[in-house]
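Novice: File data.txt below, compact mmCIF, C-alpha atoms:
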```txt
# COMPACT_ATOMS: atom_id res chain seq x y z
CA MET W 1 40.38 107.19 12.26
CA ARG W 2 38.03 109.21 14.40
CA TYR W 3 37.69 108.44 18.08
CA ILE W 4 34.92 110.02 20.12
CA ASN W 5 34.66 109.68 23.90
CA GLN W 6 31.28 110.17 25.53
CA ARG W 7 33.00 111.36 28.70
CA ASP W 8 33.89 114.57 26.84
CA TYR W 9 30.20 115.55 26.63
CA PRO W 10 28.88 115.93 30.19
CA ASP W 11 26.64 118.84 29.22
CA MET W 12 25.18 117.61 25.92
CA LEU W 13 21.60 116.62 26.69
CA TYR W 14 20.36 113.21 25.53
CA VAL W 15 16.93 112.42 26.97
CA THR W 16 16.43 108.70 27.66
CA ARG W 17 13.91 106.52 29.50
CA ALA W 18 11.24 108.39 27.60
CA ASP W 19 8.65 105.58 27.40
CA PRO W 20 5.41 106.88 28.95
CA GLU W 21 4.01 103.34 29.09
CA ASN W 22 6.79 101.92 31.25
CA PRO W 23 6.34 102.71 34.94
CA ARG W 24 9.88 101.51 35.73
CA HIS W 25 11.35 104.49 33.95
CA GLU W 26 11.28 108.10 34.99
CA ARG W 27 9.56 109.67 32.04
CA GLY W 28 11.97 111.75 29.97
CA LYS W 29 14.90 111.30 32.33
CA THR W 30 17.46 114.03 31.85
CA THR W 31 20.65 112.29 30.86
CA THR W 32 23.63 113.34 28.76
CA ILE W 33 25.95 111.89 26.16
CA LYS W 34 28.44 111.27 28.98
CA THR W 35 25.98 109.14 30.97
CA SER W 36 24.01 107.48 28.17
CA GLY W 37 25.50 108.17 24.75
CA CYS W 38 27.86 105.27 24.10
CA GLY W 39 25.65 103.84 21.35
CA LEU W 40 25.55 107.17 19.54
CA CYS W 41 29.32 107.61 19.82
CA ALA W 42 29.81 104.08 18.49
CA ALA W 43 27.65 104.86 15.45
CA ILE W 44 29.66 107.99 14.68
CA MET W 45 32.87 105.97 14.73
CA VAL W 46 31.34 103.38 12.36
CA ALA W 47 30.26 106.18 10.02
CA ASP W 48 33.75 107.65 10.02
CA ARG W 49 35.33 104.27 9.40
CA LEU W 50 33.12 103.36 6.46
CA LEU W 51 32.14 106.75 5.05
CA PRO W 52 34.84 109.23 6.06
CA ALA W 53 33.52 111.94 3.72
CA TYR W 54 30.03 111.82 5.27
CA GLU W 55 29.46 114.17 8.20
CA PHE W 56 27.45 112.43 10.92
CA GLU W 57 27.72 114.17 14.27
CA LEU W 58 26.29 113.74 17.76
CA GLU W 59 23.42 116.11 17.00
CA ASP W 60 22.48 113.90 14.03
CA ALA W 61 22.71 110.74 16.12
CA ILE W 62 20.56 112.21 18.90
CA ALA W 63 17.93 113.32 16.37
CA LEU W 64 17.87 109.85 14.78
CA SER W 65 17.50 108.21 18.19
CA TYR W 66 14.53 110.42 19.03
CA GLU W 67 12.98 109.90 15.58
CA THR W 68 13.19 106.09 15.90
CA LYS W 69 12.25 106.06 19.60
CA ALA W 70 15.51 104.30 20.36
CA ASN W 71 15.70 106.35 23.57
CA LEU W 72 12.62 104.93 25.32
CA ALA W 73 14.66 102.89 27.80
CA ALA W 74 18.08 103.52 29.30
CA GLY W 75 20.68 104.46 26.70
CA THR W 76 19.97 103.60 23.05
CA SER W 77 18.12 100.57 21.65
CA TYR W 78 20.05 99.32 18.65
CA LYS W 79 17.07 97.19 17.66
CA ALA W 80 15.41 100.50 16.75
CA PHE W 81 18.45 102.64 15.98
CA ALA W 82 20.67 100.35 13.86
CA PRO W 83 18.28 99.79 10.89
CA ALA W 84 17.52 103.51 10.64
CA PHE W 85 21.21 104.38 10.91
CA ALA W 86 22.09 101.87 8.17
CA GLU W 87 19.37 103.22 5.89
CA LYS W 88 20.35 106.85 6.49
CA MET W 89 24.01 106.14 5.78
CA GLY W 90 23.41 103.75 2.87
CA LEU W 91 25.03 100.84 4.71
CA GLN W 92 24.30 97.14 4.78
CA LEU W 93 23.36 95.83 8.26
CA GLU W 94 23.46 92.39 9.83
CA ALA W 95 22.64 91.74 13.51
CA THR W 96 24.05 88.54 15.00
CA LYS W 97 25.25 86.68 18.07
CA ASN W 98 27.90 84.74 16.15
CA ILE W 99 31.46 85.97 16.67
CA GLU W 100 32.52 84.36 13.38
CA ASP W 101 30.12 86.73 11.60
CA LEU W 102 31.88 89.58 13.37
CA ARG W 103 35.24 88.31 12.12
CA ARG W 104 33.85 88.02 8.58
CA CYS W 105 32.57 91.60 8.75
CA LEU W 106 35.91 93.03 9.83
CA ARG W 107 37.89 90.91 7.35
CA THR W 108 35.75 92.17 4.46
CA GLY W 109 36.08 95.89 5.21
CA GLY W 110 33.15 96.36 7.55
CA ALA W 111 32.90 97.80 11.04
CA ALA W 112 30.69 96.77 13.93
CA VAL W 113 28.96 98.07 17.01
CA LEU W 114 29.34 95.69 19.96
CA LEU W 115 26.93 95.43 22.88
CA VAL W 116 28.68 94.12 25.99
CA GLY W 117 27.31 93.26 29.39
CA GLY W 118 28.59 94.23 32.80
CA ASP W 119 28.99 92.76 36.24
CA ARG W 120 27.18 89.57 37.17
CA GLU W 121 27.60 87.06 39.95
CA GLY W 122 31.21 85.90 39.97
CA HIS W 123 32.19 88.15 37.05
CA VAL W 124 33.49 91.72 36.80
CA GLY W 125 32.47 93.35 33.53
CA LEU W 126 35.57 94.07 31.49
CA PHE W 127 34.33 97.07 29.53
CA THR W 128 31.52 98.24 31.79
CA HIS W 129 29.81 97.51 35.08
CA GLY W 130 26.42 97.89 33.34
CA GLY W 131 25.73 97.65 29.57
CA HIS W 132 27.84 99.39 26.94
CA TYR W 133 28.23 99.89 23.18
CA MET W 134 31.64 100.03 21.49
CA THR W 135 33.00 99.99 17.93
CA ALA W 136 35.07 97.16 16.44
CA ILE W 137 37.25 98.42 13.60
CA SER W 138 39.49 95.48 12.68
CA GLU W 139 40.84 92.05 13.49
CA GLU W 140 44.56 91.90 14.20
CA ALA W 141 46.87 89.30 12.65
CA ASP W 142 46.91 87.48 16.00
CA GLY W 143 43.10 87.22 16.02
CA ARG W 144 42.47 89.93 18.60
CA PHE W 145 39.79 92.53 17.99
CA ALA W 146 40.67 96.23 17.74
CA ILE W 147 37.96 98.14 19.59
CA LEU W 148 37.24 101.83 20.11
CA ASP W 149 35.67 102.15 23.58
CA PRO W 150 33.73 105.42 23.85
CA SER W 151 34.04 105.44 27.64
CA TYR W 152 37.76 104.74 27.88
CA TYR W 153 39.81 106.42 30.59
CA VAL W 154 43.34 105.80 31.79
CA GLY W 155 43.38 102.89 34.24
CA LYS W 156 40.01 101.45 33.17
CA TYR W 157 41.44 98.05 32.27
CA GLU W 158 43.68 97.89 35.31
CA GLU W 159 40.77 97.73 37.75
CA GLU W 160 40.53 94.62 39.90
CA GLY W 161 39.04 91.79 37.85
CA ARG W 162 39.98 93.43 34.55
CA GLU W 163 43.76 93.44 34.65
CA GLY W 164 45.64 91.65 31.87
CA LYS W 165 42.62 91.17 29.58
CA VAL W 166 43.01 94.23 27.34
CA GLU W 167 46.00 95.90 25.73
CA VAL W 168 45.60 99.59 24.90
CA ARG W 169 47.40 100.78 21.78
CA ASN W 170 47.85 104.39 20.65
CA GLY W 171 45.91 105.57 23.67
CA VAL W 172 42.47 104.66 22.28
CA ILE W 173 42.46 101.18 20.69
CA ALA W 174 41.55 98.34 23.05
CA LEU W 175 42.76 94.92 21.92
CA CYS W 176 41.13 91.77 23.27
CA ASP W 177 40.86 88.17 22.15
CA GLY W 178 37.73 86.45 20.90
CA ASP W 179 37.19 84.30 23.97
CA THR W 180 37.23 87.39 26.17
CA LEU W 181 34.81 89.24 23.90
CA GLU W 182 32.44 86.26 23.82
CA GLU W 183 32.46 86.15 27.62
CA GLU W 184 31.50 89.83 27.73
CA THR W 185 28.69 89.46 25.18
CA LYS W 186 27.25 86.04 25.98
CA GLU W 187 24.28 87.35 27.97
CA LYS W 188 23.15 89.66 25.16
CA ALA W 189 20.63 88.34 22.64
CA THR W 190 22.12 90.38 19.78
CA PRO W 191 25.57 91.66 20.69
CA TYR W 192 27.03 92.35 17.24
CA TYR W 193 25.66 94.91 14.77
CA LEU W 194 27.66 94.58 11.55
CA PHE W 195 27.88 97.31 8.93
CA TRP W 196 29.36 97.35 5.42
CA ARG W 197 29.38 99.78 2.51
CA LYS W 198 26.88 98.63 -0.12
```
Mind converting the file's structure to structure tokens?
Specialist:
Amino acid sequence: MRYINQRDYPDMLYVTRADPENPRHERGKTTTIKTSGCGLCAAIMVADRLLPAYEFELEDAIALSYETKANLAAGTSYKAFAPAFAEKMGLQLEATKNIEDLRRCLRTGGAAVLLVGGDREGHVGLFTHGGHYMTAISEEADGRFAILDPSYYVGKYEEEGREGKVEVRNGVIALCDGDTLEEETKEKATPYYLFWRK
């Protein structure tokens, strides 16, 4: 199992907010994998989970994001990136809001990229204070989801408002229950990107 943490790449350039038609964005904002690469890291972990012999690295993910214009806004748009990633890797893709579809994916040997939200009125974001992509690799016997969080750091889930909601196993696997995950994804139109080997 490969785990990749975006925080380890503060100097790897990943240009985002590159949409020249959107005045809200600084054109071609200079960002890095550390600041904006969670979606790319999540894809690499999916690739490793499903196709361990296939080499798909950050440079490949960045190039694919640029090619598909998934970098036009902040971070990575999975609406643009996910279909191209699935095609490149020879994977089956399903995008959904239904957590039962996520369970089905993981129970049948798939892996998923999750899009979670952040802080909102009366709620502290569990995984992020903004928006964030992560990789779900399995469902535990007790129904909790095993998640690889590409921005994990020691103490992240002990912050005020987050304590007691996540168990960290083996230093990198975040375990949380379905109700908690649904709360973190409910404001996203398409929070679950499901991938399987064809």
Novice: Figure out the distance between atom CA of Lys79 of chain W and atom CA of Ala18 of chain W, please, to one decimal in Å.
Specialist: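 Rounded to one decimal, the two atoms are 16.1 Å apart.
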Novice: I'd like the box whose edges run along x, y and z of the file and which contains every listed atom of segment 122-126 of chain W, padded by 4 Å per side; could you state its centre and edge lengths in Å, one decimal, as AutoDock Vina command-line options?
Specialist:
```
--center_x 33.4 --center_y 90.0 --center_z 35.7 --size_x 12.4 --size_y 16.2 --size_z 16.5
```
Novice: Compute the distance from (15.0, 104.7, 27.3) to each atom, counting all atoms listed in the file, keep the residues with any atom at most 8 Å away, and return them as a list of chain:residue names; use the coordinates of the file.
Specialist: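 Counting all atoms listed in the file, I find these residues within 8 Å of (15.0, 104.7, 27.3): W:Val15, W:Thr16, W:Arg17, W:Ala18, W:Asp19, W:His25, W:Ala70, W:Asn71, W:Leu72, W:Ala73, W:Ala74, W:Gly75, W:Thr76, W:Ser77.
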Novice: Which polymer residues have any atom within 9 Å of an atom of segment 83-85 of chain W, counting only C-alpha atoms, with same-chain residues fewer than 6 positions away left out, as an mmCIF file with C-alpha atoms, in the coordinates of the input?
Specialist:
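Okay, around.cif is ready:
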```cif
data_model
loop_
_atom_site.group_PDB
_atom_site.id
_atom_site.type_symbol
_atom_site.label_atom_id
_atom_site.label_comp_id
_atom_site.auth_asym_id
_atom_site.auth_seq_id
_atom_site.Cartn_x
_atom_site.Cartn_y
_atom_site.Cartn_z
ATOM 1 C CA ALA W 43 27.650 104.860 15.450
ATOM 2 C CA ALA W 61 22.710 110.740 16.120
ATOM 3 C CA LEU W 64 17.870 109.850 14.780
ATOM 4 C CA SER W 65 17.500 108.210 18.190
ATOM 5 C CA THR W 68 13.190 106.090 15.900
ATOM 6 C CA LEU W 91 25.030 100.840 4.710
ATOM 7 C CA GLN W 92 24.300 97.140 4.780
ATOM 8 C CA LEU W 93 23.360 95.830 8.260
#
```
Novice: Grab the atom CA of Gly110 of chain W to atom CA of Leu50 of chain W distance for me, in Å with one decimal place.
Specialist: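 Calculated distance between atom CA of Gly110 of chain W and atom CA of Leu50 of chain W is 7.1 Å.
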Novice: In Å to one decimal, how far is atom CA of Arg2 of chain W from atom CA of Tyr192 of chain W?
Specialist: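 Computing the Euclidean distance for atom CA of Tyr192 of chain W and atom CA of Arg2 of chain W yields 20.3 Å.
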Novice: Given the choices W:Pro150, W:Met89, W:Asp142, W:Val116, which gets closest to Ala53 of chain W if the distance is worked out from only C-alpha atoms?
Specialist: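 Closest to Ala53 of chain W of all the choices is W:Met89.
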Novice: Hey, which of W:Cys38, W:Met45, W:Ala146, W:Arg120 ends up closest to Lys186 of chain W? Count all atoms listed in the file.
Specialist: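 Among the listed residues, the smallest separation from Lys186 of chain W belongs to W:Arg120.
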Novice: So, counting all atoms listed in the file, which residue among W:Tyr66, W:Tyr133, W:Phe56, W:Tyr157 is closest to Ala112 of chain W?
Specialist: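 That would be W:Tyr133, the residue with the smallest distance to Ala112 of chain W.
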Novice: Of the residues W:Ala63, W:Val154, W:Leu194, W:Ile33, which is the one nearest to Ala47 of chain W, using only C-alpha atoms?
Specialist: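 Once distances to Ala47 of chain W are computed over only C-alpha atoms, the minimum belongs to W:Leu194.
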Novice: Tell me, as a PyMOL selection string, which residues lie within 9 Å of Leu148 of chain W, counting all atoms listed in the file; anything in the same chain fewer than 6 positions away does not count.
Specialist: chain W and resi 3-4+42+45+134-137+172-174
Novice: With C-alpha atoms retained, write the just-selected residues as a CSV table (one decimal), keeping the file's coordinate frame.
Specialist:
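Printed below is again_2.csv as written:
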```csv
chain,number,residue,atom,x,y,z
W,3,TYR,CA,37.7,108.4,18.1
W,4,ILE,CA,34.9,110.0,20.1
W,42,ALA,CA,29.8,104.1,18.5
W,45,MET,CA,32.9,106.0,14.7
W,134,MET,CA,31.6,100.0,21.5
W,135,THR,CA,33.0,100.0,17.9
W,136,ALA,CA,35.1,97.2,16.4
W,137,ILE,CA,37.2,98.4,13.6
W,172,VAL,CA,42.5,104.7,22.3
W,173,ILE,CA,42.5,101.2,20.7
W,174,ALA,CA,41.6,98.3,23.0
```
Novice: Rank nothing, just name the residue among W:Lys165, W:Lys69, W:His132, W:His123 nearest to Gly39 of chain W, using only C-alpha atoms.
Specialist: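 Smallest distance to Gly39 of chain W is found for W:His132.
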Novice: Show which residues sit within 8 Å of Asp177 of chain W, as a VMD selection string. Count all atoms listed in the file, and ignore same-chain residues fewer than 4 positions away.
Specialist: chain W and resid 143 to 145 181
Novice: Generate the missing atoms of segment 34-59 of chain W up to N, CA and C atoms and report them as an mmCIF file, in the frame of the given file.
Specialist:
```
data_model
loop_
_atom_site.group_PDB
_atom_site.id
_atom_site.type_symbol
_atom_site.label_atom_id
_atom_site.label_comp_id
_atom_site.auth_asym_id
_atom_site.auth_seq_id
_atom_site.Cartn_x
_atom_site.Cartn_y
_atom_site.Cartn_z
ATOM 1 N N LYS W 34 27.482 111.891 28.063
ATOM 2 C CA LYS W 34 28.440 111.270 28.980
ATOM 3 C C LYS W 34 27.826 110.090 29.716
ATOM 4 N N THR W 35 26.598 110.214 30.175
ATOM 5 C CA THR W 35 25.980 109.140 30.970
ATOM 6 C C THR W 35 25.341 108.063 30.108
ATOM 7 N N SER W 36 24.869 108.411 28.907
ATOM 8 C CA SER W 36 24.010 107.480 28.170
ATOM 9 C C SER W 36 24.252 107.423 26.671
ATOM 10 N N GLY W 37 25.328 108.036 26.182
ATOM 11 C CA GLY W 37 25.500 108.170 24.750
ATOM 12 C C GLY W 37 26.488 107.257 24.075
ATOM 13 N N CYS W 38 26.855 106.146 24.714
ATOM 14 C CA CYS W 38 27.860 105.270 24.100
ATOM 15 C C CYS W 38 27.413 104.727 22.749
ATOM 16 N N GLY W 39 26.138 104.383 22.620
ATOM 17 C CA GLY W 39 25.650 103.840 21.350
ATOM 18 C C GLY W 39 25.718 104.856 20.227
ATOM 19 N N LEU W 40 25.478 106.116 20.554
ATOM 20 C CA LEU W 40 25.550 107.170 19.540
ATOM 21 C C LEU W 40 26.998 107.423 19.133
ATOM 22 N N CYS W 41 27.889 107.438 20.113
ATOM 23 C CA CYS W 41 29.320 107.610 19.820
ATOM 24 C C CYS W 41 29.830 106.460 18.955
ATOM 25 N N ALA W 42 29.389 105.246 19.265
ATOM 26 C CA ALA W 42 29.810 104.080 18.490
ATOM 27 C C ALA W 42 29.370 104.195 17.042
ATOM 28 N N ALA W 43 28.157 104.691 16.818
ATOM 29 C CA ALA W 43 27.650 104.860 15.450
ATOM 30 C C ALA W 43 28.478 105.885 14.682
ATOM 31 N N ILE W 44 28.855 106.959 15.340
ATOM 32 C CA ILE W 44 29.660 107.990 14.680
ATOM 33 C C ILE W 44 31.002 107.408 14.245
ATOM 34 N N MET W 45 31.585 106.562 15.085
ATOM 35 C CA MET W 45 32.870 105.970 14.730
ATOM 36 C C MET W 45 32.732 104.968 13.581
ATOM 37 N N VAL W 46 31.615 104.255 13.508
ATOM 38 C CA VAL W 46 31.340 103.380 12.360
ATOM 39 C C VAL W 46 31.212 104.222 11.099
ATOM 40 N N ALA W 47 30.449 105.314 11.187
ATOM 41 C CA ALA W 47 30.260 106.180 10.020
ATOM 42 C C ALA W 47 31.589 106.712 9.518
ATOM 43 N N ASP W 48 32.442 107.133 10.429
ATOM 44 C CA ASP W 48 33.750 107.650 10.020
ATOM 45 C C ASP W 48 34.604 106.567 9.392
ATOM 46 N N ARG W 49 34.525 105.374 9.915
ATOM 47 C CA ARG W 49 35.330 104.270 9.400
ATOM 48 C C ARG W 49 34.923 103.889 7.981
ATOM 49 N N LEU W 50 33.620 103.854 7.739
ATOM 50 C CA LEU W 50 33.120 103.360 6.460
ATOM 51 C C LEU W 50 32.853 104.464 5.440
ATOM 52 N N LEU W 51 32.507 105.645 5.933
ATOM 53 C CA LEU W 51 32.140 106.750 5.050
ATOM 54 C C LEU W 51 32.814 108.036 5.531
ATOM 55 N N PRO W 52 34.130 108.108 5.457
ATOM 56 C CA PRO W 52 34.840 109.230 6.060
ATOM 57 C C PRO W 52 34.462 110.597 5.504
ATOM 58 N N ALA W 53 33.907 110.650 4.297
ATOM 59 C CA ALA W 53 33.520 111.940 3.720
ATOM 60 C C ALA W 53 32.140 112.399 4.207
ATOM 61 N N TYR W 54 31.390 111.509 4.837
ATOM 62 C CA TYR W 54 30.030 111.820 5.270
ATOM 63 C C TYR W 54 30.087 112.402 6.680
ATOM 64 N N GLU W 55 29.469 113.546 6.871
ATOM 65 C CA GLU W 55 29.460 114.170 8.200
ATOM 66 C C GLU W 55 28.247 113.691 8.982
ATOM 67 N N PHE W 56 28.502 112.922 10.027
ATOM 68 C CA PHE W 56 27.450 112.430 10.920
ATOM 69 C C PHE W 56 27.927 112.729 12.328
ATOM 70 N N GLU W 57 27.265 113.667 12.985
ATOM 71 C CA GLU W 57 27.720 114.170 14.270
ATOM 72 C C GLU W 57 26.760 113.768 15.389
ATOM 73 N N LEU W 58 27.121 114.091 16.611
ATOM 74 C CA LEU W 58 26.290 113.740 17.760
ATOM 75 C C LEU W 58 24.883 114.305 17.642
ATOM 76 N N GLU W 59 24.758 115.514 17.157
ATOM 77 C CA GLU W 59 23.420 116.110 17.000
ATOM 78 C C GLU W 59 22.574 115.264 16.041
#
```
